>>> print(open('upload_15.cif').read())   # mmCIF, C-alpha atoms
data_protein
#
loop_
_atom_site.label_atom_id
_atom_site.label_comp_id
_atom_site.auth_asym_id
_atom_site.auth_seq_id
_atom_site.Cartn_x
_atom_site.Cartn_y
_atom_site.Cartn_z
CA MET K 836 5.71 -14.75 9.22
CA LYS K 837 9.15 -13.09 9.33
CA ARG K 838 10.77 -16.31 8.08
CA ILE K 839 8.31 -16.46 5.16
CA PHE K 840 9.05 -12.82 4.37
CA ILE K 841 12.80 -13.45 4.17
CA SER K 842 12.24 -16.58 2.07
CA GLU K 843 10.04 -14.65 -0.38
CA PHE K 844 12.59 -11.83 -0.53
CA LEU K 845 15.28 -14.32 -1.55
CA LYS K 846 13.02 -16.02 -4.13
CA GLN K 847 11.22 -12.99 -5.56
CA ARG K 848 13.38 -9.87 -5.38
CA LYS K 849 11.29 -8.16 -8.07
CA MET K 850 8.16 -8.52 -5.90
CA VAL K 851 9.51 -8.21 -2.35
CA GLY K 852 11.52 -5.04 -1.84
CA ALA K 853 12.87 -5.56 1.70
CA ILE K 854 14.63 -8.20 3.73
CA ALA K 855 12.35 -7.68 6.77
CA PRO K 856 8.68 -6.78 7.30
CA SER K 857 7.79 -3.15 8.04
CA SER K 858 7.89 -1.99 11.66
CA VAL K 859 5.01 -0.72 13.80
CA PHE K 860 6.83 2.65 13.80
CA LEU K 861 6.64 2.83 10.01
CA ARG K 862 2.99 1.76 10.17
CA LYS K 863 2.25 4.65 12.53
CA LYS K 864 3.79 7.14 10.08
CA MET K 865 2.06 5.58 7.07
CA LEU K 866 -1.37 5.86 8.69
CA ALA K 867 -0.83 9.19 10.48
CA ARG K 868 -2.71 11.34 7.96
CA ILE K 869 -5.72 9.12 7.46
CA ASP K 870 -8.96 10.46 8.90
CA PHE K 871 -10.44 7.31 10.42
CA SER K 872 -13.31 9.27 12.03
CA LYS K 873 -15.28 9.03 8.74
CA ASN K 874 -16.49 6.17 6.59
CA ILE K 875 -13.72 5.84 4.00
CA ASN K 876 -12.56 3.65 1.15
CA ILE K 877 -8.91 2.61 1.09
CA ILE K 878 -6.76 0.69 -1.36
CA GLU K 879 -3.67 -1.04 -0.02
CA LEU K 880 -0.94 -2.02 -2.47
CA GLY K 881 1.44 -4.79 -1.44
CA PRO K 882 0.31 -5.73 2.08
CA GLY K 883 3.06 -8.34 2.42
CA THR K 884 2.70 -9.72 5.96
CA GLY K 885 -0.29 -7.49 6.78
CA ILE K 886 1.30 -5.01 9.21
CA PHE K 887 -0.49 -2.04 7.62
CA THR K 888 -3.64 -4.07 6.91
CA LYS K 889 -4.06 -4.86 10.60
CA GLY K 890 -3.45 -1.23 11.60
CA ILE K 891 -5.99 0.03 9.08
CA LEU K 892 -8.63 -2.47 10.17
CA LYS K 893 -8.15 -1.55 13.85
CA LYS K 894 -8.91 2.10 13.10
CA MET K 895 -11.49 1.87 10.29
CA SER K 896 -15.18 2.46 10.92
CA SER K 897 -17.63 -0.41 10.46
CA LYS K 898 -18.83 1.05 7.13
CA SER K 899 -15.40 1.70 5.65
CA LYS K 900 -13.93 -0.57 2.95
CA LEU K 901 -10.41 -1.80 2.30
CA LEU K 902 -9.27 -3.39 -0.98
CA SER K 903 -5.86 -4.96 -0.56
CA PHE K 904 -3.84 -5.96 -3.66
CA GLU K 905 -1.22 -8.68 -3.14
CA LEU K 906 0.41 -10.19 -6.23
CA ASN K 907 2.74 -12.59 -4.40
CA PRO K 908 0.83 -15.91 -4.12
CA THR K 909 2.53 -16.97 -0.86
CA PHE K 910 1.71 -13.71 0.91
CA TYR K 911 -1.81 -13.71 -0.56
CA LEU K 912 -2.58 -17.20 0.82
CA LYS K 913 -1.09 -16.39 4.25
CA LEU K 914 -3.06 -13.13 4.46
CA THR K 915 -6.39 -14.62 3.39
CA ASN K 916 -5.99 -17.40 5.97
CA LYS K 917 -4.82 -15.06 8.73
CA ILE K 918 -7.05 -11.99 8.36
CA GLN K 919 -10.81 -12.15 7.86
CA ASP K 920 -12.92 -9.03 8.09
CA LYS K 921 -16.13 -8.15 6.24
CA ARG K 922 -14.72 -4.68 5.44
CA LEU K 923 -11.67 -6.20 3.72
CA THR K 924 -11.30 -7.69 0.24
CA PHE K 925 -7.97 -9.28 -0.68
CA ILE K 926 -7.20 -9.22 -4.38
CA ASN K 927 -4.55 -11.49 -5.94
CA ASP K 928 -3.87 -9.28 -8.95
CA SER K 929 -1.61 -6.49 -10.11
CA ALA K 930 -2.29 -2.96 -8.92
CA GLU K 931 -2.38 -2.08 -12.62
CA ASN K 932 -5.98 -3.36 -12.51
CA ILE K 933 -7.29 -1.09 -9.77
CA LYS K 934 -10.07 0.33 -11.93
CA LEU K 935 -11.46 -3.14 -12.73
CA HIS K 936 -11.56 -4.16 -9.08
CA LEU K 937 -13.14 -0.89 -7.94
CA LYS K 938 -15.93 -1.50 -10.45
CA GLN K 939 -16.35 -5.14 -9.33
CA ASN K 940 -16.66 -3.96 -5.70
CA ASN K 941 -19.07 -1.09 -6.53
CA ILE K 942 -16.62 1.60 -5.41
CA GLU K 943 -16.43 4.81 -7.45
CA SER K 944 -13.33 6.25 -5.84
CA VAL K 945 -11.17 5.90 -2.75
CA ASP K 946 -10.03 8.36 -0.13
CA TYR K 947 -6.58 6.84 0.35
CA VAL K 948 -4.11 4.57 -1.40
CA ILE K 949 -1.52 3.06 0.95
CA SER K 950 1.39 1.60 -1.01
CA SER K 951 4.24 -0.65 0.09
CA LEU K 952 5.22 -1.49 -3.47
CA PRO K 953 8.98 -1.54 -4.12
CA LEU K 954 8.89 1.11 -6.86
CA THR K 955 12.66 0.91 -7.39
CA VAL K 956 12.50 -2.64 -8.75
CA ILE K 957 9.26 -2.37 -10.74
CA PRO K 958 9.76 -1.75 -14.49
CA ASP K 959 8.97 1.85 -15.48
CA SER K 960 5.96 1.04 -17.68
CA ILE K 961 4.28 -0.99 -14.92
CA LYS K 962 5.23 1.53 -12.23
CA ASN K 963 3.73 4.40 -14.27
CA THR K 964 0.55 2.42 -14.91
CA ILE K 965 0.17 1.70 -11.18
CA ILE K 966 0.78 5.32 -10.16
CA ASN K 967 -1.69 6.54 -12.82
CA ALA K 968 -4.31 3.97 -11.76
CA SER K 969 -3.85 5.00 -8.12
CA TYR K 970 -4.20 8.68 -9.00
CA GLU K 971 -7.36 8.04 -11.03
CA ALA K 972 -8.87 5.94 -8.22
CA LEU K 973 -8.51 8.74 -5.68
CA CYS K 974 -11.38 11.11 -4.93
CA GLU K 975 -10.85 14.86 -5.36
CA ASN K 976 -8.94 15.39 -2.09
CA GLY K 977 -7.54 11.87 -1.92
CA ILE K 978 -4.09 11.02 -0.59
CA PHE K 979 -1.59 8.49 -1.90
CA VAL K 980 0.84 7.29 0.80
CA GLN K 981 3.98 5.44 -0.29
CA PHE K 982 7.07 4.34 1.56
CA GLN K 983 10.48 3.72 0.01
CA TYR K 984 14.00 3.19 1.26
CA SER K 985 15.39 6.05 -0.81
CA LEU K 986 14.26 9.30 -2.42
CA ASN K 987 14.25 7.74 -5.91
CA ALA K 988 10.45 7.97 -6.18
CA LYS K 989 10.37 11.73 -5.51
CA LYS K 990 10.61 12.82 -9.15
CA LEU K 991 7.88 10.41 -10.28
CA LEU K 992 5.48 11.31 -7.47
CA THR K 993 5.99 15.09 -7.69
CA SER K 994 5.33 14.90 -11.44
CA LYS K 995 1.93 13.29 -10.80
CA PHE K 996 0.59 14.75 -7.54
CA ASN K 997 -0.12 18.39 -6.63
CA CYS K 998 1.63 18.27 -3.27
CA VAL K 999 4.19 15.76 -2.00
CA ASP K 1000 5.40 15.85 1.60
CA ILE K 1001 8.17 13.47 2.70
CA VAL K 1002 8.97 12.35 6.25
CA PHE K 1003 11.73 10.05 7.46
CA SER K 1004 11.10 6.93 9.54
CA PRO K 1005 14.41 5.86 11.11
CA LEU K 1006 12.88 3.09 13.25
CA ASN K 1007 12.52 0.54 10.48
CA ILE K 1008 14.88 -1.99 8.89
CA PRO K 1009 16.03 -0.43 6.68
CA PRO K 1010 15.03 3.16 7.56
CA ALA K 1011 12.35 4.49 5.21
CA PHE K 1012 10.90 7.64 3.66
CA VAL K 1013 7.15 8.13 3.69
CA TYR K 1014 5.63 10.14 0.85
CA TYR K 1015 2.24 11.81 1.43
CA CYS K 1016 0.93 12.74 -2.01
CA GLU K 1017 -2.19 14.88 -2.35
CA LYS K 1018 -4.28 14.85 -5.49
#
>>> encode(input="upload_15.cif", output="C-alpha cells")
Amino acid sequence: MKRIFISEFLKQRKMVGAIAPSSVFLRKKMLARIDFSKNINIIELGPGTGIFTKGILKKMSSKSKLLSFELNPTFYLKLTNKIQDKRLTFINDSAENIKLHLKQNNIESVDYVISSLPLTVIPDSIKNTIINASYEALCENGIFVQFQYSLNAKKLLTSKFNCVDIVFSPLNIPPAFVYYCEK
C-alpha cells in the first residue's frame, strides 16, 4: 500500500498531501480524544490507505457508524476491497457533500469529524465549503480533528470553531500538528 501511496502522491499532488502514509503514532494522537465507550457517529475525510479507518473500527462500538469520504479513485477501490465492516460506509465523493450523504445514511449529526485532507493544497472556496459542512454536521459538543504538516490551518480553524487545541506529533513522516477543534 505504501508504494501505491507514493505513486498517487506523484500523480495527484492536489489530492494526496504527503509522500508517505500516516504513522500509528499520528493515529494514536488523532484518535486520543474520541470517547469510544459510547455509540457514536464519525465522519472520516481522506482515509488514504486506511490507517485511521482501521484504528477507528477497532475501537468503535457495534452500534457506532463511520462514513469515510475518499475522493481519490485508486485509494477508494483499494479501501473498499481491503476493509469491510457493517458499521462503515465508504463514499467516493467530495467532502463538500457531507450533508447529502448524512441524509442518505439517516444520520442527523456526527460526534466527530476526523480529517486527513491536505488543506494547504485545496483551493480556498472548496476548503471553506468542507470546513463549513464539517462544522454543520457536528452535534452540539462535536469535535473536528485535523492533522497538517504546518500551522497554516490555524487561522481558518480558529475562525470557525470555539476552541482549538494543537498538539505536535514528531513521530510521523513528515512530523505533523493535530488540531482538536470543539464546536
>>> closest_residue(input="upload_15.cif", among="K:Asp928, K:Glu943, K:Glu879, K:Glu975", to="Asn907 (chain K)", atoms="all atoms listed in the file")
K:Asp928
>>> resolve_selection(input="upload_15.cif", expression="the PyMOL selection byres ((chain K and resi 883) around 8)", output="PDB file with C-alpha atoms, keeping the file's coordinate frame")
ATOM      1  CA  PHE K 840       9.050 -12.820   4.370  1.00  0.00           C
ATOM      2  CA  PRO K 856       8.680  -6.780   7.300  1.00  0.00           C
ATOM      3  CA  GLY K 881       1.440  -4.790  -1.440  1.00  0.00           C
ATOM      4  CA  PRO K 882       0.310  -5.730   2.080  1.00  0.00           C
ATOM      5  CA  THR K 884       2.700  -9.720   5.960  1.00  0.00           C
ATOM      6  CA  GLY K 885      -0.290  -7.490   6.780  1.00  0.00           C
ATOM      7  CA  ILE K 886       1.300  -5.010   9.210  1.00  0.00           C
ATOM      8  CA  GLU K 905      -1.220  -8.680  -3.140  1.00  0.00           C
ATOM      9  CA  PHE K 910       1.710 -13.710   0.910  1.00  0.00           C
ATOM     10  CA  TYR K 911      -1.810 -13.710  -0.560  1.00  0.00           C
TER      11      TYR K 911
END
>>> closest_residue(input="upload_15.cif", among="K:Ser969, K:Ser950, K:Asn1007, K:Asn916", to="Ile933 (chain K)", atoms="all atoms listed in the file")
K:Ser969
>>> resolve_selection(input="upload_15.cif", expression="the PyMOL selection byres ((chain K and resi 976-985) around 6)", output="short mmCIF file (atom, residue, chain, number, x, y, z; two decimals) with C-alpha atoms, in the coordinates of the input")
data_model
loop_
_atom_site.label_atom_id
_atom_site.label_comp_id
_atom_site.auth_asym_id
_atom_site.auth_seq_id
_atom_site.Cartn_x
_atom_site.Cartn_y
_atom_site.Cartn_z
CA ASP K 946 -10.03 8.36 -0.13
CA TYR K 947 -6.58 6.84 0.35
CA VAL K 948 -4.11 4.57 -1.40
CA ILE K 949 -1.52 3.06 0.95
CA SER K 950 1.39 1.60 -1.01
CA SER K 951 4.24 -0.65 0.09
CA LEU K 973 -8.51 8.74 -5.68
CA CYS K 974 -11.38 11.11 -4.93
CA GLU K 975 -10.85 14.86 -5.36
CA LEU K 986 14.26 9.30 -2.42
CA ASN K 987 14.25 7.74 -5.91
CA ALA K 1011 12.35 4.49 5.21
CA PHE K 1012 10.90 7.64 3.66
CA VAL K 1013 7.15 8.13 3.69
CA TYR K 1014 5.63 10.14 0.85
CA TYR K 1015 2.24 11.81 1.43
CA CYS K 1016 0.93 12.74 -2.01
CA GLU K 1017 -2.19 14.88 -2.35
CA LYS K 1018 -4.28 14.85 -5.49
#
>>> residues_around(input="upload_15.cif", residues="Lys962 (chain K)", least_positions_apart="5", cutoff="10 Å", atoms="all atoms listed in the file", output="PyMOL selection string")
chain K and resi 930-931+952-957+967-968+991
>>> residues_around(input="upload_15.cif", residues="Leu937 (chain K)", least_positions_apart="6", cutoff="10 Å", atoms="all atoms listed in the file", output="list of chain:residue names")
K:Ile878, K:Leu902, K:Glu943, K:Ser944, K:Val945, K:Ala972
>>> write_last_selection(input="upload_15.cif", atoms="C-alpha atoms", output="compact mmCIF listing (two decimals), keeping the file's coordinate frame")
# COMPACT_ATOMS: atom_id res chain seq x y z
CA ILE K 878 -6.76 0.69 -1.36
CA LEU K 902 -9.27 -3.39 -0.98
CA GLU K 943 -16.43 4.81 -7.45
CA SER K 944 -13.33 6.25 -5.84
CA VAL K 945 -11.17 5.90 -2.75
CA ALA K 972 -8.87 5.94 -8.22
>>> resolve_selection(input="upload_15.cif", expression="the PyMOL selection byres ((chain K and resi 895) around 9)", output="ChimeraX atom specification")
/K:871-875,890-894,896-901,922
>>> closest_residue(input="upload_15.cif", among="K:Leu935, K:Leu861, K:Ala988, K:Ile926", to="Leu1006 (chain K)", atoms="only C-alpha atoms")
K:Leu861
>>> atom_distance(input="upload_15.cif", atom1="CA of Pro908 (chain K)", atom2="CA of Asn932 (chain K)")
16.6 Å
